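As provided, query.txt (compact mmCIF, C-alpha atoms) reads as follows.
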# COMPACT_ATOMS: atom_id res chain seq x y z
CA MET B 28 -23.49 0.57 0.51
CA GLY B 29 -23.51 2.87 3.56
CA LEU B 30 -26.16 2.97 6.24
CA ARG B 31 -29.16 5.14 5.34
CA PRO B 32 -30.20 8.02 7.64
CA GLY B 33 -32.49 7.28 10.56
CA HIS B 34 -35.36 9.44 9.26
CA CYS B 35 -35.83 6.96 6.40
CA TYR B 36 -37.13 4.44 8.94
CA SER B 37 -38.76 6.70 11.54
CA SER B 38 -42.29 6.28 10.14
CA LYS B 39 -44.76 4.65 12.54
CA LYS B 40 -47.79 4.49 10.26
CA ASP B 41 -47.29 0.78 9.52
CA ARG B 42 -48.22 -1.90 11.98
CA ALA B 43 -45.33 -3.16 14.09
CA PHE B 44 -43.91 -6.38 12.69
CA SER B 45 -42.19 -8.96 14.91
CA ARG B 46 -43.62 -12.26 13.68
CA TYR B 47 -40.66 -14.61 13.87
CA ALA B 48 -41.45 -17.99 15.42
CA VAL B 49 -38.37 -19.72 16.81
CA LYS B 50 -39.93 -23.10 17.67
CA VAL B 51 -42.75 -23.35 15.09
CA HIS B 52 -41.20 -22.11 11.85
CA ARG B 53 -44.33 -22.57 9.76
CA LYS B 54 -45.93 -19.71 11.74
CA SER B 55 -43.19 -17.26 10.79
CA TYR B 56 -43.85 -14.58 8.19
CA VAL B 57 -40.17 -14.61 7.24
CA GLY B 58 -37.37 -17.15 7.19
CA ALA B 59 -34.78 -15.15 9.11
CA ILE B 60 -34.20 -11.75 10.70
CA PRO B 61 -31.05 -9.58 10.77
CA GLY B 62 -28.58 -9.85 13.64
CA LEU B 63 -28.78 -7.60 16.69
CA LYS B 64 -26.41 -4.60 16.64
CA THR B 65 -26.84 -3.79 20.34
CA ARG B 66 -23.99 -5.76 21.89
CA GLN B 67 -24.60 -5.42 25.63
CA PHE B 68 -27.61 -4.73 27.83
CA ASN B 69 -25.87 -4.76 31.27
CA MET B 70 -22.61 -2.92 32.04
CA GLY B 71 -20.65 -1.93 35.12
CA ASN B 72 -20.66 -3.24 38.67
CA GLY B 73 -23.88 -5.13 39.39
CA VAL B 74 -22.84 -6.38 42.84
CA LYS B 75 -22.40 -3.03 44.60
CA GLU B 76 -25.45 -1.37 46.19
CA PHE B 77 -25.83 2.20 44.89
CA THR B 78 -27.94 5.03 46.30
CA HIS B 79 -29.35 6.83 43.21
CA ILE B 80 -30.92 5.82 39.91
CA LEU B 81 -31.16 7.86 36.69
CA ASP B 82 -33.72 6.95 34.01
CA LEU B 83 -33.45 8.11 30.39
CA LYS B 84 -37.02 8.53 29.09
CA SER B 85 -38.49 9.33 25.69
CA GLU B 86 -40.85 12.29 25.42
CA ALA B 87 -42.65 11.28 22.20
CA HIS B 88 -43.71 8.31 20.10
CA ALA B 89 -40.66 7.22 18.12
CA GLN B 90 -39.08 4.38 16.21
CA ILE B 91 -35.40 3.93 17.12
CA ARG B 92 -33.06 1.55 15.33
CA ASP B 93 -30.81 -0.84 17.24
CA ASN B 94 -27.64 0.83 15.94
CA ALA B 95 -28.83 4.14 17.47
CA ILE B 96 -29.28 2.47 20.87
CA GLU B 97 -25.81 0.95 20.52
CA SER B 98 -24.32 4.38 19.74
CA ALA B 99 -26.02 5.92 22.80
CA ARG B 100 -24.83 3.03 24.99
CA MET B 101 -21.22 3.49 23.91
CA ALA B 102 -21.31 7.26 24.50
CA ILE B 103 -22.81 6.97 28.01
CA ASN B 104 -20.64 4.02 29.02
CA ARG B 105 -17.47 5.83 27.93
CA GLN B 106 -18.21 8.86 30.10
CA LEU B 107 -19.23 6.81 33.15
CA ASN B 108 -16.16 4.60 32.90
CA LYS B 109 -13.90 7.64 32.54
CA HIS B 110 -15.21 9.67 35.51
CA ALA B 111 -16.65 7.03 37.90
CA GLY B 112 -14.44 4.04 37.16
CA LYS B 113 -15.46 0.59 35.99
CA ASP B 114 -16.82 -0.31 39.46
CA GLY B 115 -18.53 3.02 40.20
CA TYR B 116 -21.75 2.52 38.21
CA PHE B 117 -24.20 0.02 36.74
CA MET B 118 -26.06 0.63 33.47
CA LYS B 119 -28.92 -1.33 31.97
CA ILE B 120 -30.74 -0.94 28.63
CA ARG B 121 -34.47 -1.27 29.33
CA VAL B 122 -35.75 -1.83 25.76
CA TYR B 123 -35.26 -4.56 23.18
CA PRO B 124 -35.51 -4.15 19.36
CA PHE B 125 -38.37 -6.53 18.52
CA HIS B 126 -39.65 -4.63 15.48
CA VAL B 127 -38.25 -5.86 12.14
CA LEU B 128 -37.69 -3.20 9.47
CA ARG B 129 -38.62 -4.06 5.88
CA GLU B 130 -37.76 -2.40 2.59
CA ASN B 131 -38.65 -3.03 -1.05
CA LYS B 132 -35.77 -1.45 -2.91
CA GLN B 133 -36.71 0.17 -6.22
CA ALA B 134 -34.17 1.31 -8.76
CA GLN B 135 -34.56 4.90 -9.88
CA GLY B 136 -33.47 6.77 -12.98
CA ALA B 137 -33.28 5.87 -16.64
CA GLY B 138 -33.52 2.19 -17.41
CA ALA B 139 -34.94 1.33 -13.99
CA ASP B 140 -37.61 -0.90 -15.52
CA ARG B 141 -34.90 -3.29 -16.62
CA VAL B 142 -33.55 -3.66 -13.05
CA SER B 143 -36.56 -3.54 -10.74
CA GLN B 144 -38.84 -6.54 -10.57
CA GLY B 145 -42.05 -7.18 -8.68
CA MET B 146 -44.75 -4.88 -7.31
CA SER B 147 -44.00 -1.40 -6.01
CA HIS B 148 -45.90 -2.02 -2.73
CA SER B 149 -44.77 -5.55 -1.90
CA PHE B 150 -43.99 -6.87 1.56
CA GLY B 151 -40.28 -6.10 1.26
CA ARG B 152 -37.23 -7.84 2.72
CA ASN B 153 -35.87 -7.54 6.25
CA ILE B 154 -33.02 -5.05 6.59
CA GLY B 155 -32.74 -4.39 10.34
CA ARG B 156 -34.36 -4.05 13.76
CA ALA B 157 -35.92 -1.17 15.64
CA ILE B 158 -37.69 -0.20 18.87
CA ARG B 159 -41.05 1.51 19.08
CA VAL B 160 -41.28 3.67 22.19
CA ARG B 161 -44.05 5.74 23.73
CA PRO B 162 -43.88 8.95 25.80
CA GLY B 163 -42.50 8.36 29.29
CA GLN B 164 -41.00 4.95 28.48
CA LYS B 165 -37.62 4.17 30.07
CA LEU B 166 -34.85 3.52 27.58
CA ILE B 167 -31.70 3.35 29.74
CA SER B 168 -31.19 3.27 33.54
CA VAL B 169 -27.99 3.99 35.46
CA LEU B 170 -27.15 3.32 39.14
CA VAL B 171 -24.56 5.58 40.80
CA ASP B 172 -23.69 7.07 44.16
CA GLU B 173 -24.71 10.58 45.16
CA GLU B 174 -21.34 12.13 44.26
CA HIS B 175 -21.63 11.02 40.61
CA VAL B 176 -25.26 12.01 39.95
CA GLU B 177 -24.57 15.26 38.06
CA MET B 178 -21.85 13.66 35.96
CA ALA B 179 -24.10 10.73 35.02
CA LYS B 180 -26.92 13.12 34.08
CA LYS B 181 -24.66 15.00 31.65
CA ALA B 182 -23.44 11.72 30.18
CA MET B 183 -27.00 10.48 29.57
CA LEU B 184 -28.05 13.72 27.88
CA LYS B 185 -25.35 13.09 25.25
CA ALA B 186 -27.64 10.40 23.83
CA ASN B 187 -30.02 13.09 22.55
CA SER B 188 -28.19 13.48 19.23
CA ARG B 189 -27.90 9.71 18.72
CA ILE B 190 -31.39 8.47 19.54
CA GLY B 191 -33.25 10.94 17.31
CA CYS B 192 -36.16 11.85 19.61
CA GLU B 193 -36.78 14.15 22.56
CA ILE B 194 -35.49 12.68 25.81
CA SER B 195 -35.35 13.58 29.50
CA VAL B 196 -33.44 12.29 32.54
CA ARG B 197 -35.17 11.58 35.85
CA VAL B 198 -33.20 11.19 39.10
CA GLY B 199 -34.53 9.11 42.01
CA THR B 200 -33.56 6.90 44.92
CA ASN B 201 -35.72 3.84 44.20
CA VAL B 202 -32.85 1.70 42.97
CA GLU B 203 -35.01 -1.47 43.03
CA SER B 204 -37.02 -0.14 40.08
CA ILE B 205 -34.19 -1.11 37.72
CA GLY B 206 -35.45 -4.69 37.86
CA THR B 207 -33.45 -7.88 37.64
CA LYS B 208 -29.70 -8.04 37.17
CA PRO B 209 -27.58 -10.58 35.27
CA LYS B 210 -27.56 -14.17 36.56
CA LYS B 211 -23.80 -13.97 37.22
CA THR B 212 -24.38 -10.99 39.53
CA ARG B 213 -27.13 -12.79 41.44
CA ASP B 214 -24.88 -15.84 41.93
CA ILE B 215 -22.08 -13.65 43.33
CA ARG B 216 -24.49 -12.02 45.79
CA LYS B 217 -25.77 -15.41 46.97
CA ALA B 218 -22.22 -16.65 47.52
CA GLU B 219 -21.33 -13.54 49.54
CA ALA B 220 -24.48 -13.90 51.65
CA ALA B 221 -23.66 -17.57 52.34
CA GLU B 222 -20.12 -16.64 53.42
CA LYS B 223 -21.43 -14.01 55.83
CA GLU B 224 -23.88 -16.46 57.37
CA GLY B 225 -21.09 -19.00 57.81
CA GLU B 226 -18.89 -16.43 59.57
CA LYS B 227 -21.74 -15.50 61.91
CA GLU B 228 -22.35 -19.15 62.83
CA GLU B 229 -18.65 -19.67 63.55
CA GLY B 230 -18.51 -16.56 65.73
CA LYS B 231 -21.48 -17.61 67.90
CA GLU B 232 -20.75 -18.92 71.46
CA PRO B 233 -21.77 -22.54 72.10
CA LYS B 234 -24.94 -23.16 74.08
CA LYS B 235 -24.91 -24.43 77.70
CA GLY B 236 -25.91 -27.95 76.71
CA GLU B 237 -23.25 -28.14 73.97
CA ALA B 238 -20.57 -26.77 76.35
CA ALA B 239 -21.47 -29.35 79.03
CA ALA B 240 -21.35 -32.17 76.49
CA LYS B 241 -17.90 -31.06 75.29
CA LYS B 242 -16.60 -30.94 78.90
CA GLY B 243 -18.00 -34.40 79.57
CA GLU B 244 -16.23 -35.77 76.47
CA GLU B 245 -12.95 -34.24 77.64
CA LYS B 246 -13.24 -35.67 81.18
CA ALA B 247 -14.41 -39.11 80.11
CA PRO B 248 -10.97 -40.46 79.06
CA GLU B 249 -9.45 -39.39 82.40
CA LYS B 250 -12.04 -41.43 84.33
CA LYS B 251 -11.37 -44.46 82.18
CA GLY B 252 -7.64 -44.19 82.89
CA GLU B 253 -8.27 -43.93 86.60
CA SER B 254 -10.44 -47.06 86.56
CA LYS B 255 -7.65 -48.99 84.80
CA ASP B 256 -5.15 -47.93 87.45
CA VAL B 257 -7.50 -49.00 90.22
CA LYS B 258 -8.00 -52.42 88.63
CA GLY B 259 -4.25 -52.86 88.31
CA LYS B 260 -3.73 -52.09 92.01
CA GLU B 261 -6.47 -54.53 93.02
CA SER B 262 -4.89 -57.33 90.98
CA LYS B 263 -1.46 -56.72 92.59
CA GLU B 264 -2.97 -56.83 96.09
CA ALA B 265 -4.78 -60.07 95.26
CA GLY B 266 -1.49 -61.61 94.11
CA LYS B 267 0.21 -60.66 97.41
CA LYS B 268 -2.60 -62.20 99.46
CA GLU B 269 -2.39 -65.49 97.53
CA ALA B 270 1.37 -65.76 98.00
CA PRO B 271 1.33 -66.77 101.76
CA LYS B 272 -1.08 -69.65 101.04
CA GLY B 273 1.58 -71.14 98.77
CA LYS B 274 4.23 -71.04 101.55
CA LYS B 275 1.99 -73.00 103.97
CA LYS B 276 1.67 -75.78 101.46
Would you mind giving the structure from this file in structure tokens?
Amino acid sequence: MGLRPGHCYSSKKDRAFSRYAVKVHRKSYVGAIPGLKTRQFNMGNGVKEFTHILDLKSEAHAQIRDNAIESARMAINRQLNKHAGKDGYFMKIRVYPFHVLRENKQAQGAGADRVSQGMSHSFGRNIGRAIRVRPGQKLISVLVDEEHVEMAKKAMLKANSRIGCEISVRVGTNVESIGTKPKKTRDIRKAEAAEKEGEKEEGKEPKKGEAAAKKGEEKAPEKKGESKDVKGKESKEAGKKEAPKGKKK
């Protein structure tokens, strides 16, 4: 059976349902929930520092399924990768599909009473996930340089036909508002910062005290050698002085 249209699940009159307890299963309303269709939430180059941020916002209350977010992600990512390159942008999905969609399928037509069982307004079974958004909520954020701002804006507006609600794109320079980045990206940044600090420490000139200590260590062996030579000369001279005493005897 094919996927039903999005307007079949766009109703927001019911209370949002997300009661799935991972640790305490007896508190769950259901035994399991469908898998997530949104494959990635972070794409692009997360290490580079960009100058501009673009936020895709919803302009109305809406219920968006996870497959719609996945479709919008693929469309935007394809355009950014094509025109800016794989290292010329960073994209992050700012929402997560917590809401679980339910449906009580009823057979229709002649002889339906022999197929359908149960009440017509029962709780229903889980069939998918969705996101409930409010006006002004950020759905997707993209980081780019100034030269790619217009291109990224056009790419993000292509999500209008896939998400199913009115959207707008806001451009700004507060790149820190995108929030946290993947753990792998943070580890790479820490390693780069540690390497830079190590290079700076190696490039520093030694202090006066350290330089004097190094010079003293270098000169110390020479003094020891000189003392050995002096002792050797003294022993030879002592032997010469003792020799005449032996002749007298």
- Taken to one decimal, the CA of Arg66 in chain B-CA of Ile120 in chain B distance is 10.7 Å
- Just give me the gap between CA of Ala220 in chain B and CA of His79 in chain B in Å, one decimal is fine.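 Atom-to-atom, CA of Ala220 in chain B to CA of His79 in chain B, that is 22.9 Å.
Near range 90-100 of chain B, within 7 Å and counting only C-alpha atoms, sit B:Ser37, B:Lys39, B:Lys64, B:Thr65, B:Pro124, B:Arg156, B:Ala157, B:Ile158, B:Arg159, B:Val160, B:Ala186, B:Arg189, B:Ile190; same-chain residues fewer than 6 positions away were not included.
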Selection: 9 Å around His175 in chain B, only C-alpha atoms, excl. self and same-chain fewer than 5 positions, as a JSON list (two decimals) with C-alpha atoms, in the frame of the given file:
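What ended up in selection_24.json:
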[["chain", "number", "residue", "atom", "x", "y", "z"],
["B", 107, "LEU", "CA", -19.23, 6.81, 33.15],
["B", 110, "HIS", "CA", -15.21, 9.67, 35.51],
["B", 111, "ALA", "CA", -16.65, 7.03, 37.90],
["B", 115, "GLY", "CA", -18.53, 3.02, 40.20],
["B", 116, "TYR", "CA", -21.75, 2.52, 38.21],
["B", 180, "LYS", "CA", -26.92, 13.12, 34.08]]
- Query: What lies within 7 Å of Leu81 in chain B using only C-alpha atoms, ignoring chain neighbours under 3 positions off, as a PyMOL selection string?
  - Reply: chain B and resi 168-170+196-199
Give me a file of those residues, with C-alpha atoms, as an mmCIF file, keeping the file's coordinate frame.
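Output below, filename selection18.cif:
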data_model
loop_
_atom_site.group_PDB
_atom_site.id
_atom_site.type_symbol
_atom_site.label_atom_id
_atom_site.label_comp_id
_atom_site.auth_asym_id
_atom_site.auth_seq_id
_atom_site.Cartn_x
_atom_site.Cartn_y
_atom_site.Cartn_z
ATOM 1 C CA SER B 168 -31.190 3.270 33.540
ATOM 2 C CA VAL B 169 -27.990 3.990 35.460
ATOM 3 C CA LEU B 170 -27.150 3.320 39.140
ATOM 4 C CA VAL B 196 -33.440 12.290 32.540
ATOM 5 C CA ARG B 197 -35.170 11.580 35.850
ATOM 6 C CA VAL B 198 -33.200 11.190 39.100
ATOM 7 C CA GLY B 199 -34.530 9.110 42.010
#
